[in-house]
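Q: Structure file input08.txt (compact mmCIF, C-alpha atoms) right here:
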# COMPACT_ATOMS: atom_id res chain seq x y z
CA MET N 1 6.70 -14.38 9.80
CA LEU N 2 7.92 -16.60 12.63
CA SER N 3 6.42 -19.55 10.73
CA GLY N 4 8.60 -18.80 7.71
CA ILE N 5 6.10 -16.88 5.58
CA GLY N 6 7.12 -13.34 4.74
CA PRO N 7 9.98 -11.33 3.23
CA ALA N 8 12.74 -13.90 2.67
CA GLU N 9 15.58 -11.49 3.43
CA GLN N 10 14.13 -10.56 6.82
CA LEU N 11 13.48 -14.18 7.70
CA ARG N 12 17.03 -15.26 6.88
CA GLU N 13 18.37 -12.32 8.91
CA HIS N 14 16.88 -13.96 12.00
CA GLY N 15 17.79 -17.52 11.04
CA ILE N 16 14.24 -18.52 10.16
CA GLU N 17 13.76 -21.09 7.39
CA VAL N 18 11.88 -19.58 4.47
CA VAL N 19 8.69 -21.54 3.78
CA HIS N 20 7.31 -19.00 1.31
CA ASP N 21 8.68 -15.63 0.25
CA LEU N 22 5.92 -13.01 0.56
CA PRO N 23 7.49 -9.54 0.59
CA GLY N 24 4.23 -7.77 1.47
CA VAL N 25 3.83 -9.37 4.91
CA GLY N 26 4.19 -6.63 7.51
CA GLU N 27 4.12 -3.76 5.02
CA ASN N 28 1.33 -1.19 4.44
CA LEU N 29 0.71 -0.57 8.16
CA HIS N 30 -1.54 2.42 8.78
CA ASP N 31 -4.02 3.71 11.31
CA HIS N 32 -6.41 6.53 12.18
CA LEU N 33 -5.05 9.35 14.32
CA GLU N 34 -7.11 11.72 16.46
CA VAL N 35 -6.54 15.10 18.04
CA TRP N 36 -8.81 16.84 20.54
CA VAL N 37 -10.03 20.39 20.16
CA GLN N 38 -11.12 21.50 23.62
CA HIS N 39 -13.09 24.48 24.93
CA ARG N 40 -14.05 25.60 28.36
CA CYS N 41 -17.80 25.59 28.96
CA THR N 42 -19.45 28.63 30.50
CA GLN N 43 -22.19 26.50 32.07
CA LYS N 44 -21.73 23.84 34.72
CA ILE N 45 -23.39 21.08 32.74
CA THR N 46 -20.56 18.89 31.38
CA LEU N 47 -19.09 15.54 32.40
CA ASN N 48 -16.21 17.32 34.11
CA GLY N 49 -18.54 17.86 37.04
CA TRP N 50 -18.75 14.08 37.58
CA LEU N 51 -15.06 13.27 37.91
CA ASN N 52 -14.79 13.17 41.69
CA PRO N 53 -14.75 9.72 43.39
CA LEU N 54 -18.15 10.13 45.02
CA ALA N 55 -19.84 11.03 41.74
CA GLN N 56 -18.11 8.17 39.95
CA ALA N 57 -19.27 5.73 42.63
CA TRP N 58 -22.86 6.95 42.17
CA ILE N 59 -22.62 6.55 38.37
CA GLY N 60 -21.28 3.01 38.75
CA ALA N 61 -23.85 1.98 41.33
CA ARG N 62 -26.73 3.35 39.29
CA TRP N 63 -25.60 1.47 36.21
CA LEU N 64 -25.09 -1.78 38.13
CA LEU N 65 -28.52 -1.57 39.71
CA THR N 66 -30.64 -0.07 36.95
CA ARG N 67 -28.51 -0.06 33.77
CA THR N 68 -29.32 3.64 33.40
CA GLY N 69 -27.60 6.99 33.86
CA LEU N 70 -24.23 8.26 32.65
CA GLY N 71 -22.69 4.80 32.99
CA ALA N 72 -25.02 3.46 30.30
CA SER N 73 -23.30 5.50 27.58
CA ASN N 74 -19.77 5.89 26.25
CA GLN N 75 -20.62 9.63 26.10
CA PHE N 76 -19.73 10.06 22.42
CA GLU N 77 -23.32 10.90 21.64
CA SER N 78 -22.76 12.55 18.27
CA ASN N 79 -20.59 11.74 15.29
CA GLY N 80 -20.12 13.49 11.98
CA TYR N 81 -18.24 13.36 8.69
CA ILE N 82 -17.23 16.36 6.58
CA ARG N 83 -14.96 17.17 3.64
CA SER N 84 -11.72 18.88 4.51
CA ARG N 85 -11.88 20.92 1.30
CA PRO N 86 -14.19 21.39 -1.68
CA GLY N 87 -14.02 18.96 -4.58
CA LEU N 88 -13.48 15.75 -2.62
CA ARG N 89 -15.70 12.83 -3.62
CA TYR N 90 -16.51 11.89 -0.04
CA PRO N 91 -15.97 13.22 3.51
CA ASP N 92 -12.45 12.57 4.79
CA LEU N 93 -12.72 13.99 8.31
CA GLN N 94 -14.55 12.35 11.21
CA TYR N 95 -15.80 14.00 14.40
CA HIS N 96 -16.78 12.60 17.78
CA PHE N 97 -18.27 15.15 20.18
CA LEU N 98 -17.80 14.67 23.92
CA ALA N 99 -19.68 16.72 26.52
CA GLY N 100 -16.53 16.90 28.60
CA ALA N 101 -12.88 17.89 28.23
CA ILE N 102 -10.74 14.96 29.28
CA ALA N 103 -8.19 12.47 27.92
CA TYR N 104 -9.30 9.03 26.75
CA ASP N 105 -7.80 7.33 29.79
CA GLY N 106 -8.91 10.01 32.25
CA SER N 107 -5.33 10.97 33.01
CA SER N 108 -5.91 14.65 32.36
CA ALA N 109 -8.98 16.84 32.43
CA VAL N 110 -9.70 20.53 31.99
CA LYS N 111 -10.21 22.24 35.33
CA GLY N 112 -13.80 23.32 35.59
CA HIS N 113 -16.25 22.48 32.85
CA GLY N 114 -15.46 21.92 29.18
CA PHE N 115 -16.27 20.06 25.99
CA GLN N 116 -14.25 18.72 23.08
CA VAL N 117 -14.43 17.24 19.63
CA HIS N 118 -12.18 14.43 18.47
CA LEU N 119 -10.92 15.20 14.97
CA GLY N 120 -9.52 12.47 12.74
CA ALA N 121 -8.34 12.32 9.13
CA ASN N 122 -9.89 9.11 7.85
CA LYS N 123 -7.90 8.42 4.67
CA PRO N 124 -4.24 8.57 5.69
CA LYS N 125 -1.58 8.25 3.00
CA SER N 126 1.31 7.51 5.38
CA ARG N 127 2.41 3.89 5.59
CA GLY N 128 4.61 2.04 8.05
CA TRP N 129 5.57 -1.56 8.78
CA VAL N 130 5.74 -4.43 11.28
CA ARG N 131 8.96 -6.50 11.41
CA LEU N 132 10.52 -9.18 13.55
CA ARG N 133 12.87 -8.23 16.35
CA SER N 134 14.25 -11.77 16.59
CA ALA N 135 13.30 -15.39 16.07
CA ASP N 136 12.08 -15.59 19.67
CA PRO N 137 8.26 -15.51 19.78
CA GLU N 138 8.50 -13.91 23.23
CA ASP N 139 10.17 -10.81 21.78
CA PRO N 140 7.68 -8.12 20.71
CA PRO N 141 7.84 -7.13 17.03
CA ARG N 142 9.22 -3.85 15.78
CA ILE N 143 6.32 -1.57 14.84
CA PHE N 144 6.73 1.69 12.93
CA PHE N 145 3.54 3.51 11.94
CA ASN N 146 5.31 6.38 10.18
CA TYR N 147 2.44 8.71 11.10
CA LEU N 148 2.13 12.07 9.29
CA SER N 149 5.01 11.34 6.94
CA GLU N 150 2.91 12.37 3.94
CA GLU N 151 2.12 16.03 3.28
CA ALA N 152 -1.49 15.19 2.45
CA ASP N 153 -2.02 13.87 6.00
CA ARG N 154 -0.57 16.99 7.59
CA GLN N 155 -2.72 19.19 5.35
CA ALA N 156 -5.85 17.29 6.36
CA TYR N 157 -5.30 18.22 10.01
CA ARG N 158 -4.56 21.84 9.16
CA ASP N 159 -7.82 22.06 7.24
CA GLY N 160 -9.63 20.07 9.91
CA LEU N 161 -8.62 22.35 12.77
CA ARG N 162 -9.68 25.46 10.88
CA LEU N 163 -13.03 23.91 10.00
CA THR N 164 -13.54 22.82 13.60
CA ARG N 165 -12.99 26.36 14.77
CA GLU N 166 -15.62 27.52 12.29
CA LEU N 167 -18.07 24.98 13.72
CA PHE N 168 -17.45 26.01 17.32
CA ALA N 169 -17.87 29.67 16.31
CA GLN N 170 -21.47 29.08 15.22
CA PRO N 171 -24.27 30.83 17.20
CA ALA N 172 -25.51 27.52 18.61
CA PHE N 173 -22.40 27.36 20.80
CA ASP N 174 -22.68 30.94 22.06
CA PRO N 175 -24.38 29.98 25.37
CA PHE N 176 -21.65 27.40 26.13
CA ARG N 177 -18.40 28.41 24.43
CA GLY N 178 -15.53 29.55 26.60
CA GLU N 179 -11.90 29.93 25.64
CA GLU N 180 -10.15 27.37 23.47
CA VAL N 181 -7.96 25.22 25.68
CA SER N 182 -6.38 22.94 23.10
CA PRO N 183 -4.59 23.70 20.91
CA GLY N 184 -5.18 27.29 22.04
CA SER N 185 -6.05 30.38 20.02
CA ASP N 186 -2.37 31.21 19.49
CA VAL N 187 -1.91 28.12 17.26
CA THR N 188 -2.73 29.45 13.79
CA THR N 189 0.01 28.88 11.21
CA ASP N 190 0.63 25.65 9.32
CA ASP N 191 3.86 25.04 11.22
CA GLU N 192 2.19 25.65 14.57
CA ILE N 193 -0.67 23.28 13.70
CA ASP N 194 1.78 20.63 12.48
CA ASP N 195 3.73 20.86 15.73
CA TRP N 196 0.56 20.58 17.84
CA VAL N 197 -0.69 17.55 15.91
CA ALA N 198 2.70 15.83 16.13
CA ARG N 199 2.77 16.34 19.92
CA SER N 200 -0.89 15.71 20.69
CA ALA N 201 -2.27 13.12 18.26
CA GLU N 202 -3.16 9.68 19.56
CA THR N 203 -4.16 6.46 17.88
CA ALA N 204 -7.84 5.77 17.31
CA TYR N 205 -6.98 2.07 17.68
CA HIS N 206 -7.64 1.22 14.02
CA PRO N 207 -4.34 -0.35 12.84
CA CYS N 208 -4.67 -2.41 9.66
CA GLY N 209 -3.23 -3.30 6.28
CA THR N 210 -0.17 -5.50 6.94
CA CYS N 211 -1.50 -8.54 5.02
CA ARG N 212 -3.40 -6.66 2.39
CA MET N 213 -5.69 -8.19 -0.18
CA GLY N 214 -4.77 -7.89 -3.85
CA THR N 215 -3.03 -9.42 -6.85
CA ASP N 216 0.24 -7.47 -7.12
CA GLU N 217 3.61 -8.59 -5.78
CA LEU N 218 3.08 -7.00 -2.35
CA ALA N 219 -0.39 -8.47 -1.84
CA VAL N 220 -0.63 -11.19 0.80
CA VAL N 221 -4.14 -12.66 0.39
CA ASP N 222 -6.57 -13.13 -2.47
CA THR N 223 -10.25 -12.17 -2.58
CA GLU N 224 -11.16 -15.15 -0.38
CA CYS N 225 -8.55 -14.30 2.28
CA ARG N 226 -6.28 -17.16 1.18
CA VAL N 227 -2.56 -16.51 1.52
CA HIS N 228 -0.91 -16.36 -1.90
CA GLY N 229 1.23 -19.41 -2.60
CA VAL N 230 0.29 -21.32 0.56
CA GLU N 231 -2.42 -23.96 0.79
CA ASN N 232 -4.96 -24.13 3.62
CA LEU N 233 -3.96 -20.82 5.18
CA ARG N 234 -6.06 -17.67 5.43
CA VAL N 235 -5.80 -14.34 7.17
CA VAL N 236 -9.11 -13.07 8.54
CA ASP N 237 -8.88 -9.70 10.30
CA SER N 238 -8.37 -6.01 9.55
CA SER N 239 -4.81 -6.62 8.35
CA ILE N 240 -6.20 -7.65 4.94
CA MET N 241 -7.59 -4.15 4.28
CA PRO N 242 -5.64 -2.49 1.45
CA ALA N 243 -6.77 0.86 2.84
CA VAL N 244 -8.47 1.64 6.13
CA THR N 245 -12.20 2.22 5.95
CA ASN N 246 -13.55 5.76 6.04
CA GLY N 247 -14.65 5.39 9.65
CA ASN N 248 -14.33 3.01 12.59
CA ILE N 249 -13.17 -0.48 11.64
CA ASN N 250 -15.05 -2.63 14.16
CA ALA N 251 -18.10 -3.36 11.98
CA PRO N 252 -16.04 -3.84 8.77
CA THR N 253 -13.78 -6.29 10.61
CA ILE N 254 -16.81 -8.28 11.78
CA MET N 255 -17.99 -8.31 8.16
CA ILE N 256 -14.59 -9.65 7.05
CA GLY N 257 -14.96 -12.49 9.55
CA GLU N 258 -18.49 -13.30 8.41
CA LYS N 259 -17.53 -13.22 4.73
CA ALA N 260 -14.43 -15.36 5.26
CA ALA N 261 -16.51 -17.88 7.22
CA ASP N 262 -18.81 -18.18 4.19
CA HIS N 263 -15.79 -18.80 1.95
CA ILE N 264 -14.41 -21.44 4.30
CA LEU N 265 -17.80 -23.18 4.47
CA GLY N 266 -18.21 -23.01 0.71
CA LYS N 267 -21.20 -20.70 0.80
CA ARG N 268 -21.75 -18.31 -2.07
CA ALA N 269 -23.59 -15.02 -2.19
CA PRO N 270 -27.26 -15.31 -3.20
CA ARG N 271 -27.95 -14.73 -6.87
CA THR N 272 -29.78 -11.67 -8.08
CA VAL N 273 -32.62 -12.45 -10.43
CA ARG N 274 -35.13 -10.32 -12.29
CA VAL N 275 -38.75 -11.47 -12.32
CA ARG N 276 -40.85 -10.50 -15.32
CA PHE N 277 -44.60 -11.02 -15.40
CA ILE N 278 -45.49 -12.25 -18.87
CA ARG N 279 -49.14 -13.23 -18.70
CA SER N 280 -52.43 -12.08 -17.27
CA LEU N 281 -51.20 -8.66 -16.13
CA GLY N 282 -53.83 -6.16 -15.07
CA ARG N 283 -53.80 -2.40 -15.42
CA GLY N 284 -50.99 -0.51 -13.75
CA VAL N 285 -48.51 -3.39 -13.65
CA ARG N 286 -48.03 -4.28 -17.33
CA ASN N 287 -44.33 -4.48 -18.30
CA SER N 288 -43.34 -4.12 -14.68
CA ALA N 289 -40.32 -5.87 -13.19
CA LYS N 290 -39.20 -6.70 -9.71
CA GLU N 291 -35.76 -7.40 -8.26
CA HIS N 292 -35.40 -10.34 -5.93
CA ARG N 293 -32.25 -11.23 -3.97
CA GLY N 294 -31.77 -14.52 -2.21
CA GLY N 295 -31.99 -18.25 -2.63
CA GLY N 296 -34.91 -20.54 -1.99
CA LEU N 297 -36.54 -20.04 -5.39
CA THR N 298 -39.38 -22.50 -5.97
CA ARG N 299 -41.58 -23.77 -8.79
CA TRP N 300 -45.06 -22.27 -8.55
CA SER N 301 -48.30 -22.44 -10.45
CA ASN N 302 -51.79 -21.10 -9.92
CA SER N 303 -53.53 -24.43 -10.35
CA PRO N 304 -55.82 -25.81 -7.62
CA ALA N 305 -53.32 -28.62 -7.11
CA CYS N 306 -50.78 -26.11 -5.84
CA PRO N 307 -52.81 -23.71 -3.71
CA GLY N 308 -50.07 -22.60 -1.37
CA GLU N 309 -46.66 -22.93 0.13
CA LYS N 310 -46.91 -26.38 1.72
CA SER N 311 -47.80 -28.24 -1.47
CA CYS N 312 -45.31 -26.50 -3.76
CA PRO N 313 -42.23 -28.56 -4.70
CA ASP N 314 -38.91 -26.77 -4.30
CA GLY N 315 -36.10 -26.58 -6.82
CA LEU N 316 -34.36 -24.25 -9.26
CA SER N 317 -33.74 -26.07 -12.52
CA GLY N 318 -33.21 -23.53 -15.29
CA ARG N 319 -32.97 -19.90 -16.31
CA SER N 320 -36.37 -19.76 -17.97
CA ARG N 321 -38.50 -22.08 -15.89
CA LEU N 322 -41.81 -21.12 -14.33
CA LEU N 323 -40.34 -20.15 -10.97
CA ALA N 324 -41.02 -17.75 -8.15
CA THR N 325 -40.74 -17.50 -4.42
CA HIS N 326 -43.88 -18.47 -2.54
CA SER N 327 -44.12 -15.00 -1.00
CA GLN N 328 -43.88 -13.35 -4.42
CA ALA N 329 -46.47 -15.65 -5.90
CA ILE N 330 -48.98 -15.21 -3.10
CA ASN N 331 -48.49 -11.45 -2.88
CA LEU N 332 -48.86 -10.97 -6.62
CA ASN N 333 -51.88 -13.24 -6.79
CA ASN N 334 -53.59 -11.05 -4.20
CA HIS N 335 -52.64 -7.79 -5.88
CA PRO N 336 -55.79 -5.89 -6.95
CA ASN N 337 -54.32 -5.06 -10.36
CA VAL N 338 -53.18 -8.58 -11.27
CA ARG N 339 -55.50 -11.25 -12.61
CA PRO N 340 -54.71 -14.84 -11.53
CA LEU N 341 -51.05 -15.37 -12.33
CA ARG N 342 -50.28 -18.27 -14.65
CA GLU N 343 -46.61 -17.89 -15.58
CA LEU N 344 -43.49 -16.20 -14.29
CA VAL N 345 -40.09 -16.12 -15.97
CA ILE N 346 -36.99 -15.74 -13.81
CA THR N 347 -33.75 -14.76 -15.49
CA GLU N 348 -30.48 -14.62 -13.55
CA GLU N 349 -28.70 -11.26 -13.54
CA LYS N 350 -25.35 -11.38 -15.31
Render the structure in this file as structure tokens.

A:
Amino acid sequence: MLSGIGPAEQLREHGIEVVHDLPGVGENLHDHLEVWVQHRCTQKITLNGWLNPLAQAWIGARWLLTRTGLGASNQFESNGYIRSRPGLRYPDLQYHFLAGAIAYDGSSAVKGHGFQVHLGANKPKSRGWVRLRSADPEDPPRIFFNYLSEEADRQAYRDGLRLTRELFAQPAFDPFRGEEVSPGSDVTTDDEIDDWVARSAETAYHPCGTCRMGTDELAVVDTECRVHGVENLRVVDSSIMPAVTNGNINAPTIMIGEKAADHILGKRAPRTVRVRFIRSLGRGVRNSAKEHRGGGLTRWSNSPACPGEKSCPDGLSGRSRLLATHSQAINLNNHPNVRPLRELVITEEK
């Protein structure tokens, strides 16, 4: 927005010349929230026993010297996805289990031993915004996530807490389960759960959506990450997500970068083609078909003049030419149910 691209009214409010009016810039901000459901552990086997300075020094030294031990893991050894209620098309709750009961930053820990599960609603409906505070680039922007403003988001955490309690009540936890520390067994009603979530929830560090991809008036980039109405400008990060992914966003954001790099370099996705064997098919493979993805298709024949990969000329020159990949040709030629292959037809998938 400081460069003059964004909602014109906001830009003029700060004395910024409008280069291009894009009302969707800064809108659609959303994120994943997490709450922790903590229990005391009846056995002295959790990470809480390793929080003293001497133990931490040993963990660090062991990792530095051998790259093994507790320091070699982030300790979130299990992860799961479940549906918050029947009838949903896909799981909307995510779990991370930690064999300890402690805050992310280590600022608070359960006295004694404990364990916890991080519970997050992965498809939030609430939306916020990012806006300029001034025209000074040194001034931090105004950021309003508007967490839990939608009833559906609050209901997801109500359902999620009750399901989590069902999970911890299973017989497998009997040898380890102590009292519930957070939120505590006295938190049962919808209002009590809402209050606990509002006080306790923390970001999962997955903010996204403020330059979302699309074609409507609030969309900022097109399907190749190009900013609408501006030449030679792209946005390549998680801000282009119309909706946050149903899980952590690190890998999807890397994918966005890889895909955008292909667009910038002019690369296109490999074509999908279907290979049909039309002559000299043996028993068991007649009328069979095989999918092949990828480029590098090459002309091939079974004549002595073209016995293998090195002598085969490359080139894709038509939809119905006698083409195949070398690996396909060689593999098929050696197949016990295929007599020497003389022709292949490759047709591009529509």

Q: Report the distance between atom CA of Gly26 of chain N and atom CA of Cys211 of chain N in Å, rounded to one decimal place.

A: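 Between these atoms lies a distance of 6.5 Å.
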
Q: What lies within 12 Å of segment 157-165 of chain N using only C-alpha atoms, ignoring chain neighbours under 5 positions off, as a PyMOL selection string?

A: chain N and resi 32-39+80-86+91-97+116-124+148+150-152+170+173+177+179-180+182-185+187-198+200-201

Q: What separation in Å, quoted to one decimal, exists between atom CA of Ile45 of chain N and atom CA of Tyr205 of chain N?

A: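 Pair atom CA of Ile45 of chain N / atom CA of Tyr205 of chain N returns 29.3 Å.
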
Q: Closest to Asp105 of chain N among N:Glu231, N:Asp174, N:Glu217, N:Glu202, using all atoms listed in the file?

A: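 With all atoms listed in the file as the atom set, the closest residue is N:Glu202.
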
Q: For a quick check of understanding, using only C-alpha atoms, which of N:Ala99, N:Trp129, N:Leu167, N:Thr66 has the smallest distance to Ser78 of chain N?

A: N:Ala99

Q: Which one is closest to Ile16 of chain N: N:Asp186, N:Asp136, N:Thr42, N:Cys208? Count only C-alpha atoms.

A: N:Asp136

Q: Figure out the distance between atom CA of Ala101 of chain N and atom CA of Pro171 of chain N, please, to one decimal in Å.

A: 20.5 Å

Q: Would you pick out the contacts of Ile5 of chain N at 12 Å or less, using only C-alpha atoms, so that residues sharing its chain but fewer than 6 positions from it are not included, and give the list as JSON, numbers by chain?

A: {"N": [11, 12, 16, 17, 18, 19, 20, 21, 22, 23, 24, 25, 26, 132, 211, 220, 227, 228, 229, 230, 233]}

Q: Box for segment 194-209 of chain N: with edges along x, y and z, all listed atoms inside and 4 Å added on each side, what are the centre and edge lengths in Å to one decimal, as JSON?

A:
{"center_x": -2.1, "center_y": 8.8, "center_z": 13.5, "size_x": 19.6, "size_y": 32.2, "size_z": 22.4}

Q: Using only C-alpha atoms, which protein or nucleic acid residues come within 10 Å of Phe176 of chain N? Drop anything in the same chain fewer than 6 positions from it, and give the result as a list in words.

A: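 Here the answer would be His39, Arg40, Cys41, Thr42, Gln43, Lys44, Ile45, His113, Gly114, Phe115 and Phe168 of chain N.
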
Q: Would you list the residues near (-13.5, -3.2, 11.8) (no more than 12 Å away, in the coordinates of the file, using all atoms listed in the file) as a ChimeraX atom specification?

A: /N:31,204-209,236-241,243-258

Q: Mind checking which residues fall within 10 Å of Trp58 of chain N, counting only C-alpha atoms, ignoring those fewer than 5 positions away in the same chain, and posting them as a list in words?

A: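 With the cut-off at 10 Å, the set is Trp50, Pro53, Trp63, Leu64, Gly69, Leu70 and Gly71 of chain N.
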
Q: Counting all atoms listed in the file, I want the residues whose atoms come within 10 Å of (5.9, 1.2, 9.0) in the file frame, returned as a PyMOL selection string.

A: chain N and resi 26-30+126-131+142-147+210

Q: For segment 140-160 of chain N, which lacks atoms in the input, supply N, CA, C and O atoms and format the output as a PDB file, in the coordinates of the input.

A:
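Below is the file that was written, rebuild38.pdb:
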ATOM      1  N   PRO N 140       8.696  -8.887  21.451  1.00  0.00           N
ATOM      2  CA  PRO N 140       7.680  -8.120  20.710  1.00  0.00           C
ATOM      3  C   PRO N 140       8.229  -7.685  19.356  1.00  0.00           C
ATOM      4  O   PRO N 140       9.437  -7.475  19.201  1.00  0.00           O
ATOM      5  N   PRO N 141       7.373  -7.557  18.363  1.00  0.00           N
ATOM      6  CA  PRO N 141       7.840  -7.130  17.030  1.00  0.00           C
ATOM      7  C   PRO N 141       8.224  -5.656  17.035  1.00  0.00           C
ATOM      8  O   PRO N 141       7.883  -4.893  17.940  1.00  0.00           O
ATOM      9  N   ARG N 142       8.929  -5.261  16.013  1.00  0.00           N
ATOM     10  CA  ARG N 142       9.220  -3.850  15.780  1.00  0.00           C
ATOM     11  C   ARG N 142       8.063  -3.261  14.979  1.00  0.00           C
ATOM     12  O   ARG N 142       7.690  -3.795  13.936  1.00  0.00           O
ATOM     13  N   ILE N 143       7.487  -2.187  15.478  1.00  0.00           N
ATOM     14  CA  ILE N 143       6.320  -1.570  14.840  1.00  0.00           C
ATOM     15  C   ILE N 143       6.613  -0.109  14.573  1.00  0.00           C
ATOM     16  O   ILE N 143       6.975   0.635  15.484  1.00  0.00           O
ATOM     17  N   PHE N 144       6.476   0.305  13.324  1.00  0.00           N
ATOM     18  CA  PHE N 144       6.730   1.690  12.930  1.00  0.00           C
ATOM     19  C   PHE N 144       5.555   2.167  12.080  1.00  0.00           C
ATOM     20  O   PHE N 144       5.390   1.749  10.944  1.00  0.00           O
ATOM     21  N   PHE N 145       4.728   3.036  12.654  1.00  0.00           N
ATOM     22  CA  PHE N 145       3.540   3.510  11.940  1.00  0.00           C
ATOM     23  C   PHE N 145       3.877   4.580  10.899  1.00  0.00           C
ATOM     24  O   PHE N 145       3.150   4.738   9.926  1.00  0.00           O
ATOM     25  N   ASN N 146       4.927   5.329  11.137  1.00  0.00           N
ATOM     26  CA  ASN N 146       5.310   6.380  10.180  1.00  0.00           C
ATOM     27  C   ASN N 146       4.220   7.432  10.015  1.00  0.00           C
ATOM     28  O   ASN N 146       3.974   7.959   8.932  1.00  0.00           O
ATOM     29  N   TYR N 147       3.535   7.739  11.123  1.00  0.00           N
ATOM     30  CA  TYR N 147       2.440   8.710  11.100  1.00  0.00           C
ATOM     31  C   TYR N 147       2.883  10.054  10.520  1.00  0.00           C
ATOM     32  O   TYR N 147       4.003  10.513  10.751  1.00  0.00           O
ATOM     33  N   LEU N 148       1.976  10.686   9.757  1.00  0.00           N
ATOM     34  CA  LEU N 148       2.130  12.070   9.290  1.00  0.00           C
ATOM     35  C   LEU N 148       3.369  12.272   8.420  1.00  0.00           C
ATOM     36  O   LEU N 148       3.871  13.388   8.283  1.00  0.00           O
ATOM     37  N   SER N 149       3.850  11.200   7.811  1.00  0.00           N
ATOM     38  CA  SER N 149       5.010  11.340   6.940  1.00  0.00           C
ATOM     39  C   SER N 149       4.640  11.911   5.571  1.00  0.00           C
ATOM     40  O   SER N 149       5.505  12.422   4.848  1.00  0.00           O
ATOM     41  N   GLU N 150       3.371  11.843   5.219  1.00  0.00           N
ATOM     42  CA  GLU N 150       2.910  12.370   3.940  1.00  0.00           C
ATOM     43  C   GLU N 150       2.304  13.761   4.130  1.00  0.00           C
ATOM     44  O   GLU N 150       1.546  14.004   5.074  1.00  0.00           O
ATOM     45  N   GLU N 151       2.623  14.665   3.217  1.00  0.00           N
ATOM     46  CA  GLU N 151       2.120  16.030   3.280  1.00  0.00           C
ATOM     47  C   GLU N 151       0.603  16.080   3.274  1.00  0.00           C
ATOM     48  O   GLU N 151      -0.012  16.902   3.968  1.00  0.00           O
ATOM     49  N   ALA N 152      -0.031  15.192   2.524  1.00  0.00           N
ATOM     50  CA  ALA N 152      -1.490  15.190   2.450  1.00  0.00           C
ATOM     51  C   ALA N 152      -2.112  14.956   3.829  1.00  0.00           C
ATOM     52  O   ALA N 152      -3.162  15.521   4.157  1.00  0.00           O
ATOM     53  N   ASP N 153      -1.487  14.130   4.662  1.00  0.00           N
ATOM     54  CA  ASP N 153      -2.020  13.870   6.000  1.00  0.00           C
ATOM     55  C   ASP N 153      -1.878  15.106   6.884  1.00  0.00           C
ATOM     56  O   ASP N 153      -2.795  15.440   7.652  1.00  0.00           O
ATOM     57  N   ARG N 154      -0.749  15.772   6.789  1.00  0.00           N
ATOM     58  CA  ARG N 154      -0.570  16.990   7.590  1.00  0.00           C
ATOM     59  C   ARG N 154      -1.546  18.072   7.157  1.00  0.00           C
ATOM     60  O   ARG N 154      -2.118  18.783   7.986  1.00  0.00           O
ATOM     61  N   GLN N 155      -1.782  18.186   5.845  1.00  0.00           N
ATOM     62  CA  GLN N 155      -2.720  19.190   5.350  1.00  0.00           C
ATOM     63  C   GLN N 155      -4.141  18.910   5.817  1.00  0.00           C
ATOM     64  O   GLN N 155      -4.901  19.833   6.118  1.00  0.00           O
ATOM     65  N   ALA N 156      -4.505  17.641   5.912  1.00  0.00           N
ATOM     66  CA  ALA N 156      -5.850  17.290   6.360  1.00  0.00           C
ATOM     67  C   ALA N 156      -6.113  17.801   7.774  1.00  0.00           C
ATOM     68  O   ALA N 156      -7.212  18.283   8.087  1.00  0.00           O
ATOM     69  N   TYR N 157      -5.108  17.731   8.649  1.00  0.00           N
ATOM     70  CA  TYR N 157      -5.300  18.220  10.010  1.00  0.00           C
ATOM     71  C   TYR N 157      -5.279  19.747  10.078  1.00  0.00           C
ATOM     72  O   TYR N 157      -5.980  20.342  10.912  1.00  0.00           O
ATOM     73  N   ARG N 158      -4.506  20.376   9.218  1.00  0.00           N
ATOM     74  CA  ARG N 158      -4.560  21.840   9.160  1.00  0.00           C
ATOM     75  C   ARG N 158      -5.968  22.299   8.768  1.00  0.00           C
ATOM     76  O   ARG N 158      -6.563  23.160   9.419  1.00  0.00           O
ATOM     77  N   ASP N 159      -6.466  21.700   7.685  1.00  0.00           N
ATOM     78  CA  ASP N 159      -7.820  22.060   7.240  1.00  0.00           C
ATOM     79  C   ASP N 159      -8.849  21.698   8.298  1.00  0.00           C
ATOM     80  O   ASP N 159      -9.798  22.451   8.552  1.00  0.00           O
ATOM     81  N   GLY N 160      -8.671  20.530   8.923  1.00  0.00           N
ATOM     82  CA  GLY N 160      -9.630  20.070   9.910  1.00  0.00           C
ATOM     83  C   GLY N 160      -9.723  20.973  11.121  1.00  0.00           C
ATOM     84  O   GLY N 160     -10.823  21.263  11.616  1.00  0.00           O
TER      85      GLY N 160
END
